[in-house]
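In what follows, a single structure is set out as structure tokens and then discussed.
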Amino acid sequence: MKTRRIHTLHRPAVGARHSSPLIFVHGGYATANCWDAYFLPWFSSRGFDCHALDLSGHGASEGREHLHTFGIDDYAEDLAQVTRKFDVPAILIGHSMGTVVVERFLERQQAQAAVLMAPVPPTGILGATMKMALSEPTFFDQQARAIRGKYSPETLQMMRDVYYSPETTNENLIRFAPFFQSESRRAILDLTLLAMHFGWRRQALPVLVIGGEADAVFPPAGLGFTAVRWQAEVAVVPRAGHTLMLDAHWEAAAERIAAWIERQS
């Protein structure tokens with residue numbers, strides 16, 4: 001597998017340093033910058049050495065011209081490439097598609113612990129996609145507009161209804177726009193056919209599965225299916241939507257994650 005240049009954001013620990021670095025893995029249609037609005041400065045200020053990678057074809061990483069050729073295995077190799085820079089096992093924090101990347105990485109590599117935020121269920125995204133097509137028939141058109149930076153009042157309302165809590169403001173939704181981009185068609189196919197992936201195995205490590213109470217993409221009722229796979233602890237952030245690291249209730253999610261990590265040490 002060809003090694004690509006993978007860009008990472010680094011926010012060094014301030015004050016007391018925890019032994020394990022945190023590596024943040026963004027979800028579909030996103031870039032590493034989605035972590036830097038709130039999470040990276042917050043965790044850095046609490047003594048965590050923080051790193052967020054742009055997956056291949058995303059953000060400032062290599063491969064933009066070949067985006068649609070990259071699948072989940074390629075993204076897992078991106079994560080492996082980043083982890084090899086550290087002398088100690090890292091704590092991996094993935095969001096949405098990033099949780100599948102973390103899980104795929106863990107089939108072959110070791111980590112200190114993992115946090116799966118708004119995880120893709122083991123059955124994949126087909127059910128969520130069909131539900132969205134039926135309940136929000138204009139969603140896919142509005143999402144395409146948002147990726148191009150064209151935000152009408154209808155687009156803003158749709159993005160908030162699907163990905164955020166009602167308390168997330170239009171001003172913030174527009175501010176977050178540069179954090180997102182197109183996603184690989186191959187990666188989307190991998191997520192659609194996820195139930196047909198047979199290489200999965202569970203290694204023993206602490207895992208937190210955390211979701212938002214108002215997540216319209218992967219509702220919290222489904223968190224238990226991922227938790228069972230990992231014998232994981234489950235947490236639900238009140239009133240929060242799918243995009244936990246940018247939602248109006250992001251700090252409650254960060255506090256819950258930090259408290260869980262502290263308990264593992």
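Ordered as shown in the structure tokens, chains take letters A, B, and onward, while each chain numbers its residues from 1 and ligands are numbered from 1 in the order shown.
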Determine, using only C-alpha atoms, which residues of region 47-163 of chain A have any atom at most 8 Å from an atom of region 18-39 of chain A, and tabulate each with its shortest atom pair and distance in Å to one decimal place, rows ordered by chain and then rising number, as a tab-separated table.
```
residue	atom	partner	partner_atom	distance
A:Gly47	CA	A:His18	CA	6.1
A:Phe48	CA	A:His18	CA	5.6
A:Asp49	CA	A:Pro21	CA	4.9
A:Cys50	CA	A:Leu22	CA	4.9
A:His51	CA	A:Ile23	CA	4.8
A:Ala52	CA	A:Phe24	CA	4.5
A:Leu53	CA	A:Ala32	CA	5.5
A:Asp54	CA	A:Ala32	CA	5.0
A:Leu55	CA	A:Thr31	CA	7.5
A:His58	CA	A:Thr31	CA	5.9
A:Gly59	CA	A:Thr31	CA	5.3
A:Leu79	CA	A:Val25	CA	7.9
A:Val88	CA	A:Ser20	CA	6.5
A:Pro89	CA	A:Ser20	CA	6.4
A:Ala90	CA	A:Pro21	CA	5.1
A:Ile91	CA	A:Leu22	CA	4.9
A:Leu92	CA	A:Ile23	CA	5.0
A:Ile93	CA	A:Phe24	CA	4.8
A:Gly94	CA	A:Val25	CA	4.6
A:His95	CA	A:Gly27	CA	5.1
A:Ser96	CA	A:Gly27	CA	5.0
A:Met97	CA	A:Gly27	CA	4.4
A:Gly98	CA	A:Gly27	CA	4.5
A:Thr99	CA	A:Val25	CA	7.6
A:Val101	CA	A:Val25	CA	7.8
A:Val102	CA	A:Val25	CA	7.7
A:Gln112	CA	A:Ser20	CA	7.3
```
Next, the residues of the selection above should be written as a short mmCIF file (atom, residue, chain, number, x, y, z; two decimals), in the first residue's frame with C-alpha atoms.
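Contents of the output file selection16.cif:
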```
data_model
loop_
_atom_site.label_atom_id
_atom_site.label_comp_id
_atom_site.auth_asym_id
_atom_site.auth_seq_id
_atom_site.Cartn_x
_atom_site.Cartn_y
_atom_site.Cartn_z
CA GLY A 47 -2.66 18.52 29.63
CA PHE A 48 -3.33 16.28 26.63
CA ASP A 49 -0.97 16.17 23.66
CA CYS A 50 -3.44 16.43 20.76
CA HIS A 51 -3.09 15.41 17.11
CA ALA A 52 -5.76 15.43 14.39
CA LEU A 53 -5.10 13.99 10.94
CA ASP A 54 -6.54 14.79 7.55
CA LEU A 55 -7.36 11.45 5.95
CA HIS A 58 -8.95 15.46 2.73
CA GLY A 59 -7.83 18.86 3.96
CA LEU A 79 -4.00 6.42 11.00
CA VAL A 88 3.77 4.99 23.40
CA PRO A 89 0.30 3.71 22.42
CA ALA A 90 -2.16 6.50 21.68
CA ILE A 91 -5.76 7.08 22.69
CA LEU A 92 -7.81 7.16 19.48
CA ILE A 93 -10.90 9.36 19.18
CA GLY A 94 -12.98 8.89 16.05
CA HIS A 95 -16.21 10.51 14.92
CA SER A 96 -18.85 8.90 12.68
CA MET A 97 -16.94 7.43 9.69
CA GLY A 98 -13.80 7.99 11.79
CA THR A 99 -15.05 5.35 14.23
CA VAL A 101 -11.42 3.89 10.61
CA VAL A 102 -10.44 3.41 14.26
CA GLN A 112 -4.13 2.52 24.69
#
```
Pick from A:Val82, A:Ile6, A:Leu191, A:Val237 nearest to Gly127 (chain A), counting only C-alpha atoms: A:Leu191
In region 24-193 of chain A, DSSP alpha helix (DSSP H) residues written as a PyMOL selection string: chain A and resi 33-36+39-45+72-83+97-106+126-135+139-147+153-163+170-176+185-192
Distance criterion (only C-alpha atoms): nearest to Ala232 (chain A) out of A:Pro206, A:Pro220, A:Gly71, A:Pro166: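 Once distances to Ala232 (chain A) are computed over only C-alpha atoms, the minimum belongs to A:Pro206.
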